[in-house]
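All remarks here apply to the structure that follows.
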Amino acid sequence: MTLLLQQLLNGFSLGAIYALIALGYTMVYGTLQLINFAHGEVYMMGAFAALYLAKVSGVADNPTIPGAIVVMLGAMAFCAVLGMTIERVAYRPLRNSSRLNMLITAIGVSLLLQNLGLLMFGALQDFPSLLPEARWTVSGVMVRSNDLVIFGVTATLMVVLTWIVERTQLGRAMRAVSHSRDAAALMGIPADRIVVATFAIGSVLAGAAAVLVAMDKHTIRPDMGMTFGLKAFVAAVLGGIGSVPGAVAGGLLLGLAETLVSGYVSSTFRDAIAFLLLILILLYKPSGLFGKHVPEKV
Amino acid sequence: MSEALLELRKTGIRFGGLRAVSDLDLVLPVGVLHGLIGPNGAGKTTVFNLVTGIYEPTEGDILLAGRSLKGVAPAKVAAAGIGRTFQNIRLFAGLSVIENVKVGMHRHLESTLLDAVLRTPRYRRVEVEAEEQCRTLLETFGLLALAEQPADSLAYGLRRRLEIARALATKPRLLLLDEPAAGMNPSEADDLMHLIRWVRDTFEVTILLIEHHMPVVMGICERITVLDHGALIAEGSPDEIRRDPKVIEAYLGADVHAGPA
């Protein structure tokens with residue numbers, strides 16, 4: 001029982017991170033039908049931006065809550081700018097070309113950023129604590145302060161995101177563009193600006209996720225966006241790509257599945273379960289848990 | 001004649017070797033209700049797509065109140081004051097009825113995301129005004145009771161009405177209606193005909209109407225342009241069009257030379 005509770009806690013913690021990153025994939029897919037493979041690298045760059053900020057601001061030597069907040073907001077802002085730049089430079093010129101061209105460009109941007117990271121930062125760097133860390137044992141289950149931070153930050157961001165999407169003019173325009181970019185444009189919605197906003201919001205979430213992971217693992221690497229990005233992409237597909245609640249559900253499901261498998265079976269199969277789930281969902285419910293089947297328009 | 005709101009000058013477009021529209025001249029004075037008819041495939045919707053910037057004309061020019069629309073992107077054309085509906089209804093399916101109308105109003109709502117996050121007085125004022133205007137529009141179109149329903153749950157005829165309401169929310173000077181009565185029974189089509197004329201008078205818009213229901217077109221349009229194979233074959237008042245042998249030929253085939261149907 002204790003083991004189960006422990007695994008559930010760990011699973012939700014991991015799943016919350018997947019969900020944050022998955023939201024970026026799913027939102028961009030919703031507006032552009034593009035799988036933005038560079039999203040994982042935005043997340044990676046966010047971690048290095050946070051490291052730089054932590055060192056420059058002195059938070060690395062003197063961890064405090066306000067300091068951690070400043071570093072996190074800084075990394076989120078950096079990611080927003082990076083995401084918008086990628087959209088402007090790499091994707092917008094291809095807006096009217098085939099989806100395959102955009103997809104290949106996305107993979108290219110991803111590789112470019114990864115190798116740029118390797119060149120600039122080396123293979124691996126230590127990440128300092130941004131907050132005083134603590135751990136407690138509650139009836140046999142170890143609860144770390146980092147888990148609470150992850151839950152708190154993720155929940156806050158998701159509430160804000162839901163509010164933006166459901167209740168604001170920007171969110172309404174985003175949903176309109178995701179239904180039909182052409183029809184939205186003909187109603188006077190500046191689709192390009194909405195797409196930029198979508199990239200910015202998705203990247204902000206990736207930046208937050210990067211800081212949470214870096215704080216938790218204490219090492220960051222230029223290839224960290226590969227595995228995490230790919231898993232988060234799987235989470236987005238599990239939930240139904242294009243669906244915001246789907247990305248959250250998919251992320252949590254994947255996190256739980258991974259920790260339960262490594263807890264009860266073997267951590268060898270930890271990564272395999274993600275792709276096993278992906279294969280199952282593609283076989284039995286290709287549109288994902290929350291996705292609607294949209295017939296291809298000719 | 002009063003000043004022209006929309007003017008097509010020798011407008012044409014080719015898709016490869018196919019001339020979908022060629023050499024089309026069309027002048028819409030302010031406030032007119034103008035019909036655009038022709039057999040299937042005559043190029044009527046292509047004309048709408050040219051005017052709204054989905055296609056760029058390969059020949060000639062299109063002017064809105066004297067300013068060229070050539071090469072202007074659809075969102076800018078909408079901002080310049082052209083609203084439209086679609087032959088195959090293109091509502092934002094997952095959004096509610098009132099949200100569809102609010103999307104139409106988007107361009108006129110001048111608050112930013114920062115305003116929304118901070119809930120500034122400006123944001124609240126703009127949202128309240130938009131809500132009121134949208135509700136008034138929906139009431140006009142008999143859709144107020146359904147405001148919170150998802151748009152795709154509406155009955156067919158109501159969806160067509162909602163599309164017109166959404167287009168009007170963009171506050172257009174020129175409204176392009178693409179077969180608004182398609183799929184309606186005669187009594188629904190008759191209601192719609194009155195609604196369209198009423199919209200023109202109340203909102204003071206100029207309307208260009210594509211329609212196959214001849215009673216609708218003949219009943220409300222002041223002038224009618226007939227297209228066949230992408231070219232203009234006749235233009236005139238409903239009475240003139242009804243009697244024009246070329247129009248009868250285009251619709252019924254070359255062998256029929258009887259009087260008006």
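Numbering starts fresh at 1 for the residues of each chain in the structure tokens, the chains themselves are lettered A, B, ... in the order given, and ligands are numbered from 1 as they appear.
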Close residues, segment 191-204 of chain B itself excluded, 8 Å, only C-alpha atoms, min 4 positions apart in chain, as a list in words: Gly31, Leu33, Arg173, Pro180, Ala181, Ser187, Val216, Gly219 and Ile220 of chain B
Include all heavy atoms and write out the residues we just selected as a PDB file, in the first residue's frame.
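Wrote result-v9.pdb, looks like this:
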```pdb
ATOM      1  N   GLY B  31     -25.219  50.608 -50.916  1.00  0.00           N
ATOM      2  CA  GLY B  31     -26.580  50.322 -50.481  1.00  0.00           C
ATOM      3  C   GLY B  31     -27.378  49.411 -51.380  1.00  0.00           C
ATOM      4  O   GLY B  31     -28.527  49.099 -51.085  1.00  0.00           O
ATOM      5  N   LEU B  33     -28.673  45.965 -53.321  1.00  0.00           N
ATOM      6  CA  LEU B  33     -28.778  44.529 -53.069  1.00  0.00           C
ATOM      7  C   LEU B  33     -28.668  43.865 -54.440  1.00  0.00           C
ATOM      8  O   LEU B  33     -29.589  43.939 -55.243  1.00  0.00           O
ATOM      9  CB  LEU B  33     -30.118  44.226 -52.404  1.00  0.00           C
ATOM     10  CG  LEU B  33     -30.170  43.077 -51.401  1.00  0.00           C
ATOM     11  CD1 LEU B  33     -31.469  43.093 -50.629  1.00  0.00           C
ATOM     12  CD2 LEU B  33     -29.921  41.739 -52.031  1.00  0.00           C
ATOM     13  N   ARG B 173     -19.079  46.864 -44.506  1.00  0.00           N
ATOM     14  CA  ARG B 173     -19.769  47.788 -45.408  1.00  0.00           C
ATOM     15  C   ARG B 173     -20.407  46.995 -46.536  1.00  0.00           C
ATOM     16  O   ARG B 173     -21.421  47.369 -47.098  1.00  0.00           O
ATOM     17  CB  ARG B 173     -18.772  48.793 -46.008  1.00  0.00           C
ATOM     18  CG  ARG B 173     -18.332  49.836 -45.015  1.00  0.00           C
ATOM     19  CD  ARG B 173     -17.553  50.920 -45.710  1.00  0.00           C
ATOM     20  NE  ARG B 173     -16.180  50.488 -45.955  1.00  0.00           N
ATOM     21  CZ  ARG B 173     -15.307  51.208 -46.668  1.00  0.00           C
ATOM     22  NH1 ARG B 173     -15.681  52.344 -47.224  1.00  0.00           N
ATOM     23  NH2 ARG B 173     -14.077  50.787 -46.833  1.00  0.00           N
ATOM     24  N   PRO B 180     -27.400  31.712 -49.215  1.00  0.00           N
ATOM     25  CA  PRO B 180     -27.940  31.643 -47.851  1.00  0.00           C
ATOM     26  C   PRO B 180     -29.204  30.789 -47.757  1.00  0.00           C
ATOM     27  O   PRO B 180     -29.509  30.281 -46.694  1.00  0.00           O
ATOM     28  CB  PRO B 180     -28.249  33.104 -47.510  1.00  0.00           C
ATOM     29  CG  PRO B 180     -28.377  33.794 -48.815  1.00  0.00           C
ATOM     30  CD  PRO B 180     -27.445  33.086 -49.743  1.00  0.00           C
ATOM     31  N   ALA B 181     -29.935  30.622 -48.848  1.00  0.00           N
ATOM     32  CA  ALA B 181     -31.188  29.851 -48.783  1.00  0.00           C
ATOM     33  C   ALA B 181     -31.003  28.399 -49.201  1.00  0.00           C
ATOM     34  O   ALA B 181     -31.976  27.644 -49.250  1.00  0.00           O
ATOM     35  CB  ALA B 181     -32.255  30.509 -49.657  1.00  0.00           C
ATOM     36  N   SER B 187     -40.855  28.094 -47.507  1.00  0.00           N
ATOM     37  CA  SER B 187     -41.292  29.063 -46.492  1.00  0.00           C
ATOM     38  C   SER B 187     -40.096  29.606 -45.709  1.00  0.00           C
ATOM     39  O   SER B 187     -40.022  30.800 -45.400  1.00  0.00           O
ATOM     40  CB  SER B 187     -42.349  28.438 -45.580  1.00  0.00           C
ATOM     41  OG  SER B 187     -41.847  28.179 -44.315  1.00  0.00           O
ATOM     42  N   VAL B 216     -36.266  33.995 -54.531  1.00  0.00           N
ATOM     43  CA  VAL B 216     -35.524  34.841 -53.594  1.00  0.00           C
ATOM     44  C   VAL B 216     -34.800  35.935 -54.353  1.00  0.00           C
ATOM     45  O   VAL B 216     -34.916  37.126 -54.064  1.00  0.00           O
ATOM     46  CB  VAL B 216     -34.513  33.998 -52.780  1.00  0.00           C
ATOM     47  CG1 VAL B 216     -33.621  34.914 -51.948  1.00  0.00           C
ATOM     48  CG2 VAL B 216     -35.231  32.994 -51.902  1.00  0.00           C
ATOM     49  N   GLY B 219     -37.081  38.321 -56.125  1.00  0.00           N
ATOM     50  CA  GLY B 219     -37.908  39.077 -55.197  1.00  0.00           C
ATOM     51  C   GLY B 219     -37.183  40.213 -54.502  1.00  0.00           C
ATOM     52  O   GLY B 219     -37.794  41.217 -54.174  1.00  0.00           O
ATOM     53  N   ILE B 220     -35.899  40.051 -54.223  1.00  0.00           N
ATOM     54  CA  ILE B 220     -35.269  41.083 -53.401  1.00  0.00           C
ATOM     55  C   ILE B 220     -34.139  41.852 -54.077  1.00  0.00           C
ATOM     56  O   ILE B 220     -33.790  42.935 -53.622  1.00  0.00           O
ATOM     57  CB  ILE B 220     -34.743  40.504 -52.061  1.00  0.00           C
ATOM     58  CG1 ILE B 220     -33.657  39.460 -52.294  1.00  0.00           C
ATOM     59  CG2 ILE B 220     -35.872  39.944 -51.228  1.00  0.00           C
ATOM     60  CD1 ILE B 220     -33.006  39.009 -51.005  1.00  0.00           C
TER      61      ILE B 220
END
```
Alpha helix (DSSP H) residues, from DSSP on the backbone, in segment 59-287 of chain A, as a PyMOL selection string: chain A and resi 65-86+99-121+145-167+169-179+181-186+191-217+224-239+244-264+270-284
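Compared by their closest atoms to Asn49 of chain B, and using only C-alpha atoms, the residues B:Leu28, B:Val97, B:Leu177, B:Ala165 rank with B:Leu177 nearest.
Taking only C-alpha atoms, the non-local environment of Arg193 of chain A within 10 Å (same-chain residues fewer than 4 positions away omitted) comprises Leu170, Met174, Ile189, Ala197, Thr198 and Phe199 of chain A.
You will find atom CA of Gly104 of chain B at 22.8 Å from atom CA of Leu161 of chain A.
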Neighbours of chain A in chain B at 6 Å, counting only C-alpha atoms, as a ChimeraX atom specification: /B:74-75,78-79,92,104
Can I get the selection written as a compact mmCIF listing (two decimals), in the first residue's frame, with N, CA, C and O atoms?
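Generated output (again.txt):
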```
# COMPACT_ATOMS: atom_id res chain seq x y z
N PRO B 74 -6.76 37.93 -46.61
CA PRO B 74 -8.16 37.84 -46.19
C PRO B 74 -8.48 38.61 -44.90
O PRO B 74 -9.51 39.29 -44.84
N ALA B 75 -7.60 38.52 -43.89
CA ALA B 75 -7.90 39.21 -42.62
C ALA B 75 -7.96 40.72 -42.83
O ALA B 75 -8.75 41.42 -42.21
N ALA B 78 -11.18 41.63 -44.59
CA ALA B 78 -12.26 41.67 -43.61
C ALA B 78 -12.19 42.97 -42.82
O ALA B 78 -13.21 43.61 -42.58
N ALA B 79 -10.96 43.38 -42.48
CA ALA B 79 -10.80 44.62 -41.71
C ALA B 79 -11.20 45.83 -42.54
O ALA B 79 -11.65 46.84 -42.00
N PHE B 92 -17.63 28.08 -36.39
CA PHE B 92 -16.64 27.48 -35.51
C PHE B 92 -17.40 26.48 -34.63
O PHE B 92 -18.04 26.85 -33.65
N GLY B 104 -16.57 37.18 -34.61
CA GLY B 104 -16.78 38.14 -35.68
C GLY B 104 -16.45 39.56 -35.22
O GLY B 104 -15.99 40.40 -35.99
```
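Between atom CA of Leu23 of chain A and atom CA of Glu87 of chain A the separation is 16.6 Å.
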Surrounding residues of Gly40 of chain A excluding itself and chain neighbours under 5 positions, 10 Å, only C-alpha atoms, as a ChimeraX atom specification: /A:21-22,24-25,45-46,110,113-114,203,206,210,223-233
For His108 of chain B, the nearest of the candidates B:Gln133, B:Ser153, B:Thr140, B:Gln87, counting only C-alpha atoms: B:Gln133
Polymer residues at most 12 Å from Pro245 of chain A, only C-alpha atoms, same-chain spacing of 3 or more positions, as a list of chain:residue names: A:Ala19, A:Leu20, A:Ala22, A:Leu23, A:Thr26, A:Met27, A:Met158, A:Val159, A:Leu161, A:Thr162, A:Val165, A:Glu166, A:Ala235, A:Ala236, A:Val237, A:Leu238, A:Gly239, A:Gly240, A:Ile241, A:Gly242, A:Val248, A:Ala249, A:Gly250, A:Gly251, A:Leu252, A:Gly288, A:Leu289, A:Phe290, A:Gly291
Keeping only N, CA and C atoms, write the selected residues as a short mmCIF file (atom, residue, chain, number, x, y, z; two decimals), in the first residue's frame.
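What landed in result_23.cif:
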```cif
data_model
loop_
_atom_site.label_atom_id
_atom_site.label_comp_id
_atom_site.auth_asym_id
_atom_site.auth_seq_id
_atom_site.Cartn_x
_atom_site.Cartn_y
_atom_site.Cartn_z
N ALA A 19 2.61 16.80 -18.82
CA ALA A 19 1.41 17.54 -19.23
C ALA A 19 1.77 18.97 -19.64
N LEU A 20 2.65 19.60 -18.86
CA LEU A 20 3.03 20.98 -19.19
C LEU A 20 3.66 21.06 -20.58
N ALA A 22 3.41 18.73 -22.95
CA ALA A 22 2.45 18.25 -23.95
C ALA A 22 1.50 19.36 -24.40
N LEU A 23 1.18 20.28 -23.49
CA LEU A 23 0.28 21.38 -23.85
C LEU A 23 0.84 22.20 -25.00
N THR A 26 0.31 20.29 -28.23
CA THR A 26 -1.08 20.16 -28.62
C THR A 26 -1.65 21.51 -29.09
N MET A 27 -1.21 22.60 -28.44
CA MET A 27 -1.75 23.91 -28.83
C MET A 27 -1.25 24.32 -30.21
N MET A 158 -2.06 25.66 -15.19
CA MET A 158 -3.18 25.08 -15.94
C MET A 158 -4.46 25.86 -15.72
N VAL A 159 -4.65 26.37 -14.50
CA VAL A 159 -5.83 27.20 -14.26
C VAL A 159 -5.75 28.47 -15.12
N LEU A 161 -4.06 28.90 -17.88
CA LEU A 161 -4.21 28.55 -19.29
C LEU A 161 -5.68 28.32 -19.65
N THR A 162 -6.37 27.54 -18.82
CA THR A 162 -7.78 27.26 -19.08
C THR A 162 -8.56 28.57 -19.13
N VAL A 165 -7.83 30.38 -22.41
CA VAL A 165 -8.43 29.74 -23.58
C VAL A 165 -9.95 29.88 -23.56
N GLU A 166 -10.55 29.74 -22.38
CA GLU A 166 -12.01 29.70 -22.32
C GLU A 166 -12.65 31.07 -22.15
N ALA A 235 2.41 11.82 -24.87
CA ALA A 235 1.31 12.17 -23.97
C ALA A 235 0.23 12.96 -24.71
N ALA A 236 0.68 13.90 -25.57
CA ALA A 236 -0.28 14.71 -26.33
C ALA A 236 -1.10 13.83 -27.26
N VAL A 237 -0.45 12.84 -27.88
CA VAL A 237 -1.16 11.94 -28.79
C VAL A 237 -2.12 11.04 -28.01
N LEU A 238 -1.65 10.58 -26.84
CA LEU A 238 -2.53 9.75 -26.00
C LEU A 238 -3.82 10.48 -25.69
N GLY A 239 -3.70 11.73 -25.30
CA GLY A 239 -4.87 12.50 -24.91
C GLY A 239 -5.70 12.95 -26.10
N GLY A 240 -5.11 12.92 -27.28
CA GLY A 240 -5.81 13.42 -28.47
C GLY A 240 -5.17 14.73 -28.86
N ILE A 241 -4.28 14.70 -29.86
CA ILE A 241 -3.52 15.91 -30.15
C ILE A 241 -4.46 17.02 -30.62
N GLY A 242 -4.24 18.22 -30.11
CA GLY A 242 -5.14 19.33 -30.40
C GLY A 242 -6.07 19.62 -29.23
N VAL A 248 -3.37 17.20 -20.78
CA VAL A 248 -3.20 17.05 -19.33
C VAL A 248 -3.45 15.60 -18.93
N ALA A 249 -4.54 15.03 -19.42
CA ALA A 249 -4.87 13.64 -19.09
C ALA A 249 -3.78 12.70 -19.60
N GLY A 250 -3.34 12.92 -20.83
CA GLY A 250 -2.31 12.07 -21.42
C GLY A 250 -1.01 12.14 -20.62
N GLY A 251 -0.64 13.35 -20.20
CA GLY A 251 0.58 13.53 -19.41
C GLY A 251 0.52 12.78 -18.11
N LEU A 252 -0.60 12.93 -17.39
CA LEU A 252 -0.74 12.26 -16.09
C LEU A 252 -0.76 10.75 -16.27
N GLY A 288 -7.09 9.48 -30.02
CA GLY A 288 -6.70 9.79 -28.65
C GLY A 288 -7.89 9.82 -27.72
N LEU A 289 -7.60 9.93 -26.40
CA LEU A 289 -8.66 9.83 -25.41
C LEU A 289 -9.70 10.93 -25.57
N PHE A 290 -9.26 12.17 -25.78
CA PHE A 290 -10.19 13.29 -25.84
C PHE A 290 -10.34 13.82 -27.26
N GLY A 291 -9.65 13.22 -28.21
CA GLY A 291 -9.65 13.77 -29.56
C GLY A 291 -10.92 13.40 -30.29
#
```
Test item, strand (DSSP E or B) assignment across segment 134-256 of chain A, answer as a ChimeraX atom specification: /A:135-138,141-144,219-220
Contact residues around Val32 of chain B with only C-alpha atoms at 7 Å, ignoring same-chain residues under 4 positions, as a ChimeraX atom specification: /B:28,206-207,222
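Distance-wise, atom CA of Pro66 of chain A and atom CA of Met215 of chain A end up 14.9 Å apart.
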Contact residues around segment 15-27 of chain B with only C-alpha atoms at 8 Å, ignoring same-chain residues under 2 positions, as a list in words: Ala4, Leu5, Leu6, Glu7, Leu8, Arg9, Lys10, Thr11, Gly12, Ile13, Pro29, Ala42, Gly43, Thr46, Val47, Glu59, Gly60, His229, Gly230, Ala231 and Leu232 of chain B
How would the residues just picked look written out with N, CA, C and O atoms as a compact mmCIF listing (two decimals), in the first residue's frame?
```
# COMPACT_ATOMS: atom_id res chain seq x y z
N ALA B 4 -19.52 54.12 -56.20
CA ALA B 4 -19.39 52.68 -56.21
C ALA B 4 -18.67 52.22 -54.94
O ALA B 4 -17.64 52.76 -54.58
N LEU B 5 -19.25 51.21 -54.26
CA LEU B 5 -18.56 50.64 -53.11
C LEU B 5 -17.60 49.56 -53.58
O LEU B 5 -16.43 49.55 -53.21
N LEU B 6 -18.10 48.68 -54.43
CA LEU B 6 -17.24 47.61 -54.95
C LEU B 6 -17.18 47.73 -56.46
O LEU B 6 -18.21 47.94 -57.11
N GLU B 7 -16.00 47.60 -56.98
CA GLU B 7 -15.85 47.66 -58.42
C GLU B 7 -14.88 46.59 -58.88
O GLU B 7 -13.74 46.53 -58.41
N LEU B 8 -15.34 45.74 -59.79
CA LEU B 8 -14.45 44.77 -60.43
C LEU B 8 -14.16 45.27 -61.83
O LEU B 8 -15.09 45.60 -62.57
N ARG B 9 -12.88 45.38 -62.17
CA ARG B 9 -12.50 45.88 -63.49
C ARG B 9 -11.77 44.80 -64.26
O ARG B 9 -10.65 44.46 -63.91
N LYS B 10 -12.43 44.27 -65.25
CA LYS B 10 -11.83 43.23 -66.11
C LYS B 10 -11.14 42.17 -65.28
O LYS B 10 -10.03 41.72 -65.60
N THR B 11 -11.79 41.80 -64.18
CA THR B 11 -11.16 40.86 -63.25
C THR B 11 -11.21 39.44 -63.79
O THR B 11 -12.21 39.02 -64.37
N GLY B 12 -10.13 38.72 -63.60
CA GLY B 12 -10.10 37.33 -64.01
C GLY B 12 -9.09 36.54 -63.22
O GLY B 12 -8.20 37.10 -62.59
N ILE B 13 -9.27 35.23 -63.21
CA ILE B 13 -8.26 34.36 -62.60
C ILE B 13 -8.15 33.07 -63.39
O ILE B 13 -9.15 32.52 -63.85
N PRO B 29 -23.09 50.01 -56.43
CA PRO B 29 -23.22 51.29 -55.74
C PRO B 29 -23.51 51.03 -54.26
O PRO B 29 -24.02 49.97 -53.90
N ALA B 42 -20.35 28.11 -62.62
CA ALA B 42 -20.20 29.31 -63.45
C ALA B 42 -19.11 30.23 -62.92
O ALA B 42 -18.66 31.14 -63.62
N GLY B 43 -18.68 30.02 -61.66
CA GLY B 43 -17.61 30.85 -61.10
C GLY B 43 -18.08 31.86 -60.07
O GLY B 43 -17.35 32.79 -59.73
N THR B 46 -16.10 31.63 -56.88
CA THR B 46 -14.75 32.11 -57.19
C THR B 46 -14.69 33.63 -57.12
O THR B 46 -13.71 34.21 -56.65
N VAL B 47 -15.78 34.30 -57.58
CA VAL B 47 -15.82 35.76 -57.49
C VAL B 47 -15.73 36.18 -56.03
O VAL B 47 -14.97 37.10 -55.67
N GLU B 59 -5.81 38.73 -63.52
CA GLU B 59 -6.05 39.82 -64.47
C GLU B 59 -6.97 40.84 -63.82
O GLU B 59 -7.80 40.50 -62.99
N GLY B 60 -6.83 42.09 -64.23
CA GLY B 60 -7.75 43.12 -63.78
C GLY B 60 -7.54 43.52 -62.33
O GLY B 60 -6.53 43.18 -61.72
N HIS B 229 -19.80 30.00 -67.38
CA HIS B 229 -18.42 29.66 -67.75
C HIS B 229 -17.45 30.79 -67.39
O HIS B 229 -16.57 31.14 -68.17
N GLY B 230 -17.65 31.39 -66.23
CA GLY B 230 -16.71 32.40 -65.74
C GLY B 230 -16.83 33.77 -66.37
O GLY B 230 -16.07 34.67 -66.05
N ALA B 231 -17.78 33.94 -67.31
CA ALA B 231 -17.90 35.24 -67.96
C ALA B 231 -19.31 35.81 -67.75
O ALA B 231 -20.27 35.06 -67.57
N LEU B 232 -19.38 37.13 -67.77
CA LEU B 232 -20.67 37.78 -67.60
C LEU B 232 -21.48 37.60 -68.88
O LEU B 232 -20.99 37.87 -69.98
```
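Closest approach to Val234 of chain A among A:Ala47, A:Val153, A:Ile35, A:Met72: A:Ile35, based on only C-alpha atoms.
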